[in-house]
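Visitor: Pasting in a structure now, in structure tokens, and then I'll have a few things to ask.
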Amino acid sequence: MSDEHVRTPADRLLDRGVAAIVEGVASGACSALAMVECTLNRMVSRDVGRDGLNAVLYVDQEGAHTEASLFDARDAARADAPLAGVPILVKDNIATHRLATSCGSRILEGYVSPYEATAVGLLRAAGAIVVGKTNMDEFAMGSSTENSAYGPTKHPLDRTRVPGGSSGGSAAAVAAGVTPVALGSETGGSVRQPAAFCGVVGIKPTYGRVSRFGLVAYASSLDHIGVFGARVDDAARVLAVIGQADAHDATSVHFPPVDDARAGQEEPHPRGTQPLKGIVIGRPEEYFPASLDPRIRALCDASLERLREQGAEIRTVRMPNTESAIPVYYIIAPAEASSNLARYDGVRFGQRRPGAGVQGMYEATRAAGFGPEVTRRILLGTYVLSAGYYDAYYRRAQAVRRLIARDFTDVFASGVHALFTPTTPTTAFRLGAVSDPYEMYLSDIFTVTANLAGVPAMSQPIGRIEGLPVGGQLIASHGDEATMLRIARALEFSLGVEAHR
Amino acid sequence: MNAAHDSARRRDAATPYELVVGLEVHCQLATETKIFCRCRTSFGEAPNVNTCPVCLGLPGALPVLNANAVRLATRAALALGCTVHETSVFARKNYFYPDLPKGYQISQFDRPLATGGAIDVGAESGTEPRRIGITRVHMEEDAGKSVHDRFADWTAVDLNRAGTPLVEIVSEPDMRSAQEAGAYLRQLKQILEYTAVSDANMEEGSLRVDVNISVRAVGATALGTKTEIKNLNTFSGVERAIEIEYARQCAQLDAGGAVVQQTMLWDGAREQIRPARSKEGSHDYRYFPDPDLPPLELASAFVEAQRAALPELPRGRRSRFVAAYGVTWPEAEQLTASAELADYFEAVVAESGHAKRATNWVLGVVLAALNTTGRTIADAPIGSGRVAALIRLEADGLVSNTAARQVFAWLCERDEDPRVVAEREGLIKVTDDTALVQWIDDVLAEQPAEAARFLAGEVKLQGVFVGHVMRKSKGAADPRRVNQILASRIS
Amino acid sequence: MSISESDVRHVASLSRVGLDSARLPLVVAELNGILGHMDALQRVDVSSNANEDATRPMMLADDVVGAVQLMRSREDMAPAMRDGFFVVPRLATHAAPEGNPAARAVDAEAP
Ligand SMILES: [Mg+2]
Ligand SMILES: [Zn+2]
């Protein structure tokens with residue numbers, strides 16, 4: 001990160017996060033336009049563009065200026081806009097007009113969606129300004145952002161390393177301080193894993209809380225829009241805005257509010273008080289295997305100790321079907337993907353390559369348009385759904401998925417309010433270090449269960465190993481983001497700067 | 001092809017093969033909007049205007065099921081005597097085709113909306129009808145339209161129809177002749193129209209038929225290898241195609257060959273069946289539950305409310321007409337051809353109090369008028385009340401049948417009270433002796449020679465004079481009374 | 001279970017990915033490597049949860065016209081359009097214009 005010689009008021013607000021920006025813009029102390037300017041300047045100074053970290057693929061300078069100016073002109077709107085003047089980045093698989101939505105893929109190169117995702121519409125209505133789109137693994141298939149057709153994103157703390165993925169661009173941009181918040185998406189951990197790698201907060205809400213309308217589908221039963229924030233409160237405020245039931249998504253559900261109404265306003269608890277009294281936090285054995293890096297184990301246990309100090313009861317629990325999660329995921333996700341990606345056929349939108357007849361056109365278009373990991377998953381998914389294999393693979397995976405979901409139902413029914421686990425088995429690895437597909441899949445070993453069960457989960461920084469961030473994961477029961485965020489806020493406050501040391 | 005025609009004709013009851021037919025009917029539901037998006041379902045628009053992110057299959061778009069499509073499909077299933085399931089599941093049927101925007105069709109597969117119904121066809125009252133089983137009724141979306149003859153080297157794709165709500169109605173292989181298949185289809189169409197589930201308009205493609213057809217030795221119980229004929233959009237086409245394919249399969253077996261399972265296409269213009277050309281030997285649609293659509297759960301209260309809201313169905317109505325109005329079964333079939341006609345008839349009966357006359361009037365006069373003007377009963381030129389009033393005039397002896405038909409023709413031009421018309425046109429029967437005597441005296445005076453012979457006792461001339469009186473009175477004279485007066489003049 | 005070259009060829013053709021035959025052996029090996037891990041699922045006892053239906057509620061829509069509007073034209077996003085139609089190379093099954101133009105396009109691949 002380069003030094004900034006001139007620190008404007010907007011710079012200071014940007015560093016202090018969403019609540020400060022909203023207050024500053026609502027009070028008229030700073031304009032939305034100044035916030036946008038500040039973000040655009042940081043994109044340059046912190047080198048997140050295509051030639052640098054390659055975290056941000058597309059920037060809508062003109063549109064952001066226009067929207068910010070229009071917002072500034074509407075005095076009445078400013079006062080109660082929950083995200084007044086907050087600059088935000090959006091993952092490249094979430095539909096936005098003006099900006100391209102290319103999903104990190106050649107096949108959607110230059111594609112600009114003629115409609116906008118529900119979540120993006122809610123952000124705009126709340127006063128947020130969408131400034132750009134972030135890099136990602138092609139069609140969200142990957143855990144390192146190395147599978148982007150537009151080149152890999154680099155880790156902001158060490159450019160020889162990956163930021164994680166698939167939402168690596170959003171995680172890296174927030175970590176680089178370009179925006180306090182960004183939208184990402186998750187199918188198996190694609191928000192939490194890069195959040196852990198980059199040392200920011202990443203939330204995957206309950207399945208159904210945030211509309212998927214406009215989120216380009218990878219695996220529909222597992223896909224979620226998620227949120228990155230520099231701190232818990234930043235991410236929680238964005239989630240509160242986009243977490244609305246939507247008539248355009250049949251799987252969308254109306255849940256209780258994401259955050260404890262008091263949480264944002266309440267003064268942090270002084271040390272020694274017990275804000276988590278009555279809360280039971282489970283420590284699932286299966287997420288702390290013997291093979292786990294002892295330094296990650298130690299950081300997790302230190303966090304659990306902090307939670308205990310604040311009044312929480314820590315209980316060892318069992319989640320016996322955890323080990324099946326990766327095989328289940330890598331049957332169901334590719335199966336759904338093979339069907340979801342059939343629409344990229346060069347007929348109505350996107351790129352087309354000529355070939356012999358229509359079949360030749362399909363094959364040429366898809367061969368040129370899809371990268372190797374996407375092709376691999378399409379083939380795998382087609383195979384597990386095909387005649388003669390459906391029962392052995394897909395049907396069985398669905399049955400085991402229900403067992404995994406039941407592990408969560410059972411543990412939450414036993415009086416546990418949330419689980420605490422490591423987010424990832426390792427810290428950020430080097431670019432190109434993981435070449436075996438299955439080894440890469442194992443990056444999601446601790447996160448994929450929450451996608452399979454649909455429960456809310458998040459990662460937050462809990463310390464560093466050799467300068468690289470480590471994430472701790474909280475998982476709560478369906479619709480209970482409020483408890484999850486309450487614990488996360490307490491832990492964040494308790495760890496203080498330790499979380500980043 | 002001519003050979004096939006001839007052999008179809010030659011085959012008679014002596015054929016050693018039994019024909020086995022099952023039908024799959026795709027029927028468009030009468031909704032305003034598509035099944036998974038809120039685009040219009042209107043027909044005949046410019047290409048691709050009725051499309052949106054959902055039915056174009058754009059990245060990120062999601063389906064949301066149309067509640068009215070569920071209601072109409074449930075209604076259809078109940079009218080066909082099916083069990084509607086509490087839970088049914090939408091699945092994806094995956095295949096590539098340019099007019100299939102998402103690369104899959106959303107349909108119901110192993111858990112359809114409804115199963116196990118039947119349609120009774122082809123019997124008069126009192127005799128046993130043939131019962132054709134209905135295997136299942138499920139909901140699905142239609143594909144778009146590919147146009148192959150518009151551009152020289154291109155196939156043109158219009159997606160206005162993509163996402164149109166359909167029910168697919170699958171019969172058991174219970175039909176044994178082309179005529180029976182035709183009767184089943186006509187009965188099915190009528191039920192769909194009665195229940196307002198569909199316009200069932202063949203020209204606009206809202207009813208399309210696929211035929212599964214096989215033959216087996218008479219007396220055999222196992223089914224033979226079937227072929228499927230697609231692309232049928234007229235009932236007569238279905239019947240012709242079955243006859244031709246039956247003859248082809250029989251000839252194949254007679255020649256010592258075997259029927260090959262395959263898909264055939266019907267070319268209606270040439271009355272020809274040809275095998276569909278397929279690039280791939282096997283189909284593997286990779287059905288799986290659509291993760292964008294949770295299972296459809298229908299409360300029993302909803303299903304029962306739909307059942308209670310069903311109108312009287314055509315077959316029940318026919319039986320009631322026979323019993324209540326003393327009409328014959330064929331007359332009942334005609335009178336119940338549409339719910340509107342049956343309603344019209346019943347209104348005429350109720351308002352006139354004369355079932356027999358109402359039958360004759362509706363079948364003989366009203367339908368004839370509709371036929372010549374090309375109208376349907378829904379826009380009949382004369383309301384049921386007017387026809388009933390006319391029937392009452394006739395029944396009360398105030399107008400003759402001939403005069404009543406004249407009044408009817410008049411009313412076709414302008415809506416008026418039939419009695420007012422009859423009076424103005426002088427068509428009310430005149431029974432007043434003064435007027436009748438005057439007419440009789442006039443006609444006797446006009447033909448003095450015949451009059452003399454008649455008065456002298458040549459009784460056979462009486463009819464001639466009655467005719468003259470009727471003509472002179474323009475049909476208004478009461479012929480009965482004219483006869484009496486004439487008879488009294490004979491010396 | 002393991003996947004053979006002909007299986008991969010079959011699924012590649014079903015999914016129209018235009019797999020280069022030179023890459024086939026590599027892809028077969030990769031897929032077998034992945035599928036090998038899936039075999040663990042065969043050993044999981046799933047007898048306790050036969051076929052429960054998910055109890056997620058499904059939202060239905062009223063039958064009222066009001067589709068999501070397109071903010072860009074179809075021509076803007078389509079690779080090829082003519083006279084309002086999307087166009088693709090003529091289907092092999094319809095090599096020459098023939099037959100009844102009103103007839104629905106059907107070949108063996110259509111349902
Ligand atoms: Mg069908
Ligand atoms: Zn639409």
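Chain labels A, B, ... are given in the sequence in which chains occur in the structure tokens; within each chain residues are numbered consecutively from 1, and ligands are likewise numbered from 1 in the order shown.
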Please provide the set of residues having any atom within 12 Å of Trp410 (chain B), restricted to only C-alpha atoms, with same-chain residues fewer than 2 positions apart removed, written as a list of chain:residue names.

Guide: B:Ala369, B:Pro381, B:Ile382, B:Arg386, B:Leu390, B:Ala403, B:Ala404, B:Arg405, B:Gln406, B:Val407, B:Phe408, B:Cys412, B:Glu413, B:Arg414, B:Asp415, B:Glu416, B:Asp417, B:Pro418, B:Arg419, B:Val420, B:Val421, B:Ala422, B:Arg424, B:Glu425, B:Leu427

Visitor: With 8 Å as the limit and counting only C-alpha atoms, what residues in chain A lie close to chain C? Please list them as a PyMOL selection string.

Guide: chain A and resi 97+111-115+247+249-253+324+327-328+331+338+342+346-352+357-359+361-364+366-367+375-376+378-380+382-383+386+392-393+396-397+399-400+402-403+437-438

Visitor: Define the interface residues of chain B facing chain C as those within 6 Å, counting only C-alpha atoms, and report them as a ChimeraX atom specification.

Guide: /B:33,38-39,47,65-68,146,149,153-158,276,278,294

Visitor: Separation of CA of Tyr17 (chain B) and CA of Ile132 (chain B), in Å?

Guide: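 That distance, rounded to one decimal, is 20.1 Å.
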
Visitor: Give me, as a Markdown table, each residue of chain B that comes within 12 Å of chain A, together with its shortest interatomic pair and the distance in Å at one decimal, counting only C-alpha atoms, with rows ordered by chain and rising residue number.

Guide:
```
| residue | atom | partner | partner_atom | distance |
| --- | --- | --- | --- | --- |
| B:Phe36 | CA | A:His248 | CA | 9.7 |
| B:Cys37 | CA | A:His248 | CA | 8.8 |
| B:Arg38 | CA | A:His248 | CA | 10.3 |
| B:Asn48 | CA | A:Arg348 | CA | 10.8 |
| B:Thr51 | CA | A:Arg348 | CA | 11.5 |
| B:Cys52 | CA | A:Tyr115 | CA | 9.3 |
| B:Pro53 | CA | A:Tyr115 | CA | 7.3 |
| B:Val54 | CA | A:His248 | CA | 9.6 |
| B:Cys55 | CA | A:Arg348 | CA | 11.1 |
| B:Leu56 | CA | A:Arg348 | CA | 7.4 |
| B:Gly57 | CA | A:Arg343 | CA | 6.6 |
| B:Leu58 | CA | A:Arg343 | CA | 7.7 |
| B:Pro59 | CA | A:Val216 | CA | 5.1 |
| B:Gly60 | CA | A:Val216 | CA | 3.9 |
| B:Ala61 | CA | A:Phe213 | CA | 5.7 |
| B:Leu62 | CA | A:Phe213 | CA | 6.0 |
| B:Pro63 | CA | A:Ala250 | CA | 7.0 |
| B:Val64 | CA | A:Ala250 | CA | 5.4 |
| B:Leu65 | CA | A:Ala250 | CA | 7.7 |
| B:Asn66 | CA | A:Ala250 | CA | 10.8 |
| B:Ala91 | CA | A:Ser339 | CA | 11.2 |
| B:Arg92 | CA | A:Ser339 | CA | 8.1 |
| B:Lys93 | CA | A:Ser339 | CA | 9.1 |
| B:Asn94 | CA | A:Ser339 | CA | 6.7 |
| B:Tyr95 | CA | A:Ala342 | CA | 8.3 |
| B:Phe96 | CA | A:Ala342 | CA | 7.5 |
| B:Tyr97 | CA | A:Val358 | CA | 8.9 |
| B:Pro98 | CA | A:Val347 | CA | 6.8 |
| B:Asp99 | CA | A:Val347 | CA | 9.0 |
| B:Leu100 | CA | A:Arg343 | CA | 8.7 |
| B:Pro101 | CA | A:Arg343 | CA | 6.3 |
| B:Lys102 | CA | A:Arg343 | CA | 4.5 |
| B:Gly103 | CA | A:Ala342 | CA | 4.8 |
| B:Tyr104 | CA | A:Ser339 | CA | 7.1 |
| B:Gln105 | CA | A:Ser339 | CA | 10.4 |
| B:Ile106 | CA | A:Ser339 | CA | 11.3 |
| B:Asp153 | CA | A:Gly357 | CA | 9.7 |
| B:Trp154 | CA | A:Val358 | CA | 9.4 |
| B:Thr155 | CA | A:Val358 | CA | 9.0 |
| B:Ala156 | CA | A:Val347 | CA | 10.3 |
| B:Val157 | CA | A:Val347 | CA | 8.9 |
| B:Asp158 | CA | A:Arg348 | CA | 10.7 |
| B:Leu159 | CA | A:Arg348 | CA | 10.1 |
| B:Lys279 | CA | A:Gln359 | CA | 9.6 |
| B:Glu280 | CA | A:Gln359 | CA | 11.4 |
| B:Ser282 | CA | A:Ala387 | CA | 10.3 |
| B:His283 | CA | A:Ala387 | CA | 9.2 |
| B:Asp284 | CA | A:Ala387 | CA | 6.3 |
| B:Tyr285 | CA | A:Ser386 | CA | 7.6 |
| B:Arg286 | CA | A:Ser386 | CA | 5.2 |
| B:Tyr287 | CA | A:Leu385 | CA | 7.4 |
| B:Phe288 | CA | A:Leu385 | CA | 7.4 |
| B:Pro289 | CA | A:Glu336 | CA | 9.6 |
| B:Asp290 | CA | A:Glu336 | CA | 8.6 |
| B:Pro291 | CA | A:Ser221 | CA | 5.2 |
| B:Asp292 | CA | A:Ser220 | CA | 6.2 |
| B:Leu293 | CA | A:Ala250 | CA | 6.1 |
| B:Pro294 | CA | A:Thr251 | CA | 6.7 |
| B:Pro295 | CA | A:Thr251 | CA | 10.3 |
| B:Leu296 | CA | A:Ala250 | CA | 10.8 |
```

Visitor: Keeping C-alpha atoms for every residue in the selection just given, could you write it to a file as a PDB file, in the first residue's frame?

Guide:
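So the final result, stored in out-v2.pdb, reads:
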```pdb
ATOM      1  CA  PHE B  36     -42.316 -18.779 -14.724  1.00  0.00           C
ATOM      2  CA  CYS B  37     -42.269 -15.073 -15.634  1.00  0.00           C
ATOM      3  CA  ARG B  38     -44.800 -12.315 -16.070  1.00  0.00           C
ATOM      4  CA  ASN B  48     -39.273 -12.099 -29.336  1.00  0.00           C
ATOM      5  CA  THR B  51     -39.572 -12.043 -23.628  1.00  0.00           C
ATOM      6  CA  CYS B  52     -37.764 -11.039 -20.470  1.00  0.00           C
ATOM      7  CA  PRO B  53     -34.613 -12.077 -18.576  1.00  0.00           C
ATOM      8  CA  VAL B  54     -36.376 -15.194 -17.266  1.00  0.00           C
ATOM      9  CA  CYS B  55     -37.776 -16.623 -20.494  1.00  0.00           C
ATOM     10  CA  LEU B  56     -34.665 -15.594 -22.440  1.00  0.00           C
ATOM     11  CA  GLY B  57     -32.655 -17.655 -19.965  1.00  0.00           C
ATOM     12  CA  LEU B  58     -30.337 -14.735 -19.179  1.00  0.00           C
ATOM     13  CA  PRO B  59     -27.587 -15.254 -16.597  1.00  0.00           C
ATOM     14  CA  GLY B  60     -28.939 -14.818 -13.075  1.00  0.00           C
ATOM     15  CA  ALA B  61     -32.653 -14.961 -13.928  1.00  0.00           C
ATOM     16  CA  LEU B  62     -34.892 -17.241 -11.855  1.00  0.00           C
ATOM     17  CA  PRO B  63     -38.292 -18.859 -12.362  1.00  0.00           C
ATOM     18  CA  VAL B  64     -41.295 -18.038 -10.167  1.00  0.00           C
ATOM     19  CA  LEU B  65     -44.312 -20.298 -10.633  1.00  0.00           C
ATOM     20  CA  ASN B  66     -47.603 -18.746 -11.811  1.00  0.00           C
ATOM     21  CA  ALA B  91     -37.458 -31.141 -12.613  1.00  0.00           C
ATOM     22  CA  ARG B  92     -35.072 -30.069 -15.324  1.00  0.00           C
ATOM     23  CA  LYS B  93     -35.026 -31.958 -18.593  1.00  0.00           C
ATOM     24  CA  ASN B  94     -31.631 -31.162 -20.090  1.00  0.00           C
ATOM     25  CA  TYR B  95     -30.967 -30.983 -23.811  1.00  0.00           C
ATOM     26  CA  PHE B  96     -29.566 -28.482 -26.263  1.00  0.00           C
ATOM     27  CA  TYR B  97     -31.843 -26.918 -28.835  1.00  0.00           C
ATOM     28  CA  PRO B  98     -31.773 -23.346 -30.137  1.00  0.00           C
ATOM     29  CA  ASP B  99     -35.350 -22.630 -29.088  1.00  0.00           C
ATOM     30  CA  LEU B 100     -34.795 -23.968 -25.564  1.00  0.00           C
ATOM     31  CA  PRO B 101     -33.273 -20.917 -23.894  1.00  0.00           C
ATOM     32  CA  LYS B 102     -31.887 -22.371 -20.674  1.00  0.00           C
ATOM     33  CA  GLY B 103     -30.650 -25.623 -22.179  1.00  0.00           C
ATOM     34  CA  TYR B 104     -33.281 -27.386 -20.098  1.00  0.00           C
ATOM     35  CA  GLN B 105     -37.048 -27.533 -19.945  1.00  0.00           C
ATOM     36  CA  ILE B 106     -38.695 -27.195 -16.554  1.00  0.00           C
ATOM     37  CA  ASP B 153     -28.732 -20.656 -44.221  1.00  0.00           C
ATOM     38  CA  TRP B 154     -30.159 -19.872 -40.834  1.00  0.00           C
ATOM     39  CA  THR B 155     -32.665 -21.230 -38.421  1.00  0.00           C
ATOM     40  CA  ALA B 156     -34.608 -18.328 -36.890  1.00  0.00           C
ATOM     41  CA  VAL B 157     -35.619 -18.496 -33.254  1.00  0.00           C
ATOM     42  CA  ASP B 158     -38.668 -16.784 -31.769  1.00  0.00           C
ATOM     43  CA  LEU B 159     -38.987 -17.139 -27.999  1.00  0.00           C
ATOM     44  CA  LYS B 279     -27.879 -37.013 -34.415  1.00  0.00           C
ATOM     45  CA  GLU B 280     -27.531 -39.000 -31.248  1.00  0.00           C
ATOM     46  CA  SER B 282     -29.732 -42.274 -27.231  1.00  0.00           C
ATOM     47  CA  HIS B 283     -31.341 -39.503 -25.273  1.00  0.00           C
ATOM     48  CA  ASP B 284     -30.111 -38.823 -21.829  1.00  0.00           C
ATOM     49  CA  TYR B 285     -32.093 -35.932 -20.440  1.00  0.00           C
ATOM     50  CA  ARG B 286     -30.434 -36.050 -17.010  1.00  0.00           C
ATOM     51  CA  TYR B 287     -33.623 -35.165 -15.170  1.00  0.00           C
ATOM     52  CA  PHE B 288     -33.082 -33.833 -11.668  1.00  0.00           C
ATOM     53  CA  PRO B 289     -35.213 -31.709  -9.316  1.00  0.00           C
ATOM     54  CA  ASP B 290     -34.975 -28.015 -10.234  1.00  0.00           C
ATOM     55  CA  PRO B 291     -33.105 -26.396  -7.344  1.00  0.00           C
ATOM     56  CA  ASP B 292     -34.669 -23.029  -8.176  1.00  0.00           C
ATOM     57  CA  LEU B 293     -38.155 -24.309  -7.361  1.00  0.00           C
ATOM     58  CA  PRO B 294     -38.976 -25.900  -4.019  1.00  0.00           C
ATOM     59  CA  PRO B 295     -41.520 -28.731  -4.135  1.00  0.00           C
ATOM     60  CA  LEU B 296     -45.050 -27.580  -4.941  1.00  0.00           C
TER      61      LEU B 296
END
```

Visitor: Within 9 Å of ligand 1, counting only C-alpha atoms and all ligand atoms: which residues, as a PyMOL selection string?

Guide: (chain B and resi 24-26+105+107-108+138-142+166-169) or (chain C and resi 111)

Visitor: Have a look at CA of Asn451 (chain A) and CA of Arg295 (chain A) and let me know their distance in Å, one decimal.

Guide: 26.2 Å

Visitor: Would you work out the distance separating CA of Asp47 (chain A) from CA of Pro425 (chain A), expressed in Å to one decimal?

Guide: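 Result for CA of Asp47 (chain A) versus CA of Pro425 (chain A): 28.9 Å, one decimal.
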
Visitor: Show which residues sit within 12 Å of Tyr344 (chain B), as a ChimeraX atom specification. Count only C-alpha atoms, and ignore same-chain residues fewer than 4 positions away.

Guide: /B:335-340,348-351,358-359,361-363,366-367,376-380,382-388

Visitor: Keeping only N, CA, C and O atoms, write those residues as a compact mmCIF listing (two decimals), in the first residue's frame.

Guide:
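Output contents, as saved in part-v6.txt:
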```
# COMPACT_ATOMS: atom_id res chain seq x y z
N LEU B 335 -76.20 -30.98 -28.43
CA LEU B 335 -76.55 -29.85 -27.56
C LEU B 335 -75.45 -29.53 -26.55
O LEU B 335 -75.37 -28.42 -26.05
N THR B 336 -74.58 -30.51 -26.25
CA THR B 336 -73.53 -30.28 -25.26
C THR B 336 -72.16 -30.10 -25.92
O THR B 336 -71.14 -30.18 -25.26
N ALA B 337 -72.17 -29.86 -27.23
CA ALA B 337 -70.90 -29.71 -27.94
C ALA B 337 -70.04 -28.65 -27.27
O ALA B 337 -68.82 -28.78 -27.20
N SER B 338 -70.65 -27.60 -26.76
CA SER B 338 -69.91 -26.65 -25.95
C SER B 338 -70.76 -26.29 -24.75
O SER B 338 -71.99 -26.40 -24.79
N ALA B 339 -70.09 -25.87 -23.70
CA ALA B 339 -70.82 -25.49 -22.49
C ALA B 339 -71.76 -24.32 -22.79
O ALA B 339 -72.87 -24.25 -22.28
N GLU B 340 -71.32 -23.41 -23.69
CA GLU B 340 -72.13 -22.25 -24.01
C GLU B 340 -73.42 -22.67 -24.72
O GLU B 340 -74.49 -22.14 -24.44
N VAL B 348 -83.22 -21.63 -22.98
CA VAL B 348 -84.40 -21.64 -23.84
C VAL B 348 -85.48 -22.54 -23.24
O VAL B 348 -86.65 -22.17 -23.17
N VAL B 349 -85.05 -23.71 -22.74
CA VAL B 349 -86.02 -24.62 -22.13
C VAL B 349 -86.68 -23.95 -20.92
O VAL B 349 -87.90 -23.94 -20.78
N ALA B 350 -85.86 -23.37 -20.09
CA ALA B 350 -86.37 -22.79 -18.84
C ALA B 350 -87.34 -21.65 -19.13
O ALA B 350 -88.39 -21.54 -18.48
N GLU B 351 -87.03 -20.83 -20.13
CA GLU B 351 -87.85 -19.66 -20.37
C GLU B 351 -89.09 -19.96 -21.21
O GLU B 351 -90.06 -19.23 -21.17
N ALA B 358 -87.78 -26.66 -27.82
CA ALA B 358 -86.47 -26.01 -27.64
C ALA B 358 -85.39 -26.80 -28.36
O ALA B 358 -84.51 -26.25 -29.02
N THR B 359 -85.44 -28.13 -28.25
CA THR B 359 -84.47 -28.99 -28.94
C THR B 359 -84.52 -28.74 -30.44
O THR B 359 -83.50 -28.51 -31.08
N TRP B 361 -85.78 -26.23 -32.08
CA TRP B 361 -85.39 -24.87 -32.44
C TRP B 361 -83.87 -24.66 -32.37
O TRP B 361 -83.27 -24.13 -33.29
N VAL B 362 -83.26 -25.14 -31.27
CA VAL B 362 -81.82 -24.90 -31.11
C VAL B 362 -81.03 -25.68 -32.16
O VAL B 362 -80.16 -25.15 -32.83
N LEU B 363 -81.38 -26.97 -32.30
CA LEU B 363 -80.60 -27.79 -33.25
C LEU B 363 -80.94 -27.44 -34.69
O LEU B 363 -80.06 -27.40 -35.55
N VAL B 366 -81.43 -22.43 -34.73
CA VAL B 366 -80.35 -21.58 -34.21
C VAL B 366 -78.99 -22.02 -34.77
O VAL B 366 -78.22 -21.21 -35.28
N LEU B 367 -78.70 -23.34 -34.68
CA LEU B 367 -77.40 -23.81 -35.17
C LEU B 367 -77.25 -23.57 -36.67
O LEU B 367 -76.17 -23.22 -37.14
N THR B 376 -70.34 -18.30 -33.54
CA THR B 376 -70.44 -19.31 -32.48
C THR B 376 -71.57 -18.90 -31.56
O THR B 376 -72.07 -17.78 -31.63
N ILE B 377 -71.95 -19.82 -30.70
CA ILE B 377 -73.09 -19.57 -29.82
C ILE B 377 -72.82 -18.36 -28.91
O ILE B 377 -73.73 -17.65 -28.53
N ALA B 378 -71.53 -18.16 -28.61
CA ALA B 378 -71.19 -17.06 -27.71
C ALA B 378 -71.61 -15.71 -28.30
O ALA B 378 -71.99 -14.82 -27.57
N ASP B 379 -71.55 -15.59 -29.64
CA ASP B 379 -72.04 -14.34 -30.22
C ASP B 379 -73.24 -14.59 -31.13
O ASP B 379 -73.37 -14.04 -32.22
N ALA B 380 -74.13 -15.45 -30.65
CA ALA B 380 -75.36 -15.73 -31.39
C ALA B 380 -76.15 -14.44 -31.54
O ALA B 380 -76.19 -13.62 -30.64
N ILE B 382 -79.27 -13.96 -31.71
CA ILE B 382 -80.54 -13.88 -30.98
C ILE B 382 -80.37 -14.52 -29.62
O ILE B 382 -79.91 -15.65 -29.51
N GLY B 383 -80.73 -13.82 -28.59
CA GLY B 383 -80.60 -14.33 -27.23
C GLY B 383 -81.58 -15.45 -26.96
O GLY B 383 -82.60 -15.60 -27.65
N SER B 384 -81.27 -16.24 -25.95
CA SER B 384 -82.11 -17.38 -25.61
C SER B 384 -83.52 -16.93 -25.25
O SER B 384 -84.50 -17.62 -25.53
N GLY B 385 -83.65 -15.75 -24.64
CA GLY B 385 -84.96 -15.24 -24.24
C GLY B 385 -85.87 -15.00 -25.44
O GLY B 385 -87.06 -15.30 -25.41
N ARG B 386 -85.30 -14.49 -26.51
CA ARG B 386 -86.08 -14.23 -27.72
C ARG B 386 -86.55 -15.54 -28.35
O ARG B 386 -87.69 -15.65 -28.79
N VAL B 387 -85.65 -16.51 -28.37
CA VAL B 387 -86.04 -17.80 -28.95
C VAL B 387 -87.15 -18.42 -28.10
O VAL B 387 -88.14 -18.96 -28.63
N ALA B 388 -87.02 -18.32 -26.79
CA ALA B 388 -88.03 -18.87 -25.90
C ALA B 388 -89.38 -18.18 -26.14
O ALA B 388 -90.43 -18.84 -26.21
```

Visitor: Measuring atom to atom with only C-alpha atoms and all ligand atoms, identify which of B:Ala200, B:Gly163, B:Phe151, B:Gln28 is nearest to ligand 2.

Guide: B:Gly163

Visitor: DSSP on the backbone: which residues in region 33-121 of chain A end up as alpha helix (DSSP H)? Give the answer as a ChimeraX atom specification.

Guide: /A:33-45,61-73,75-80,118-121
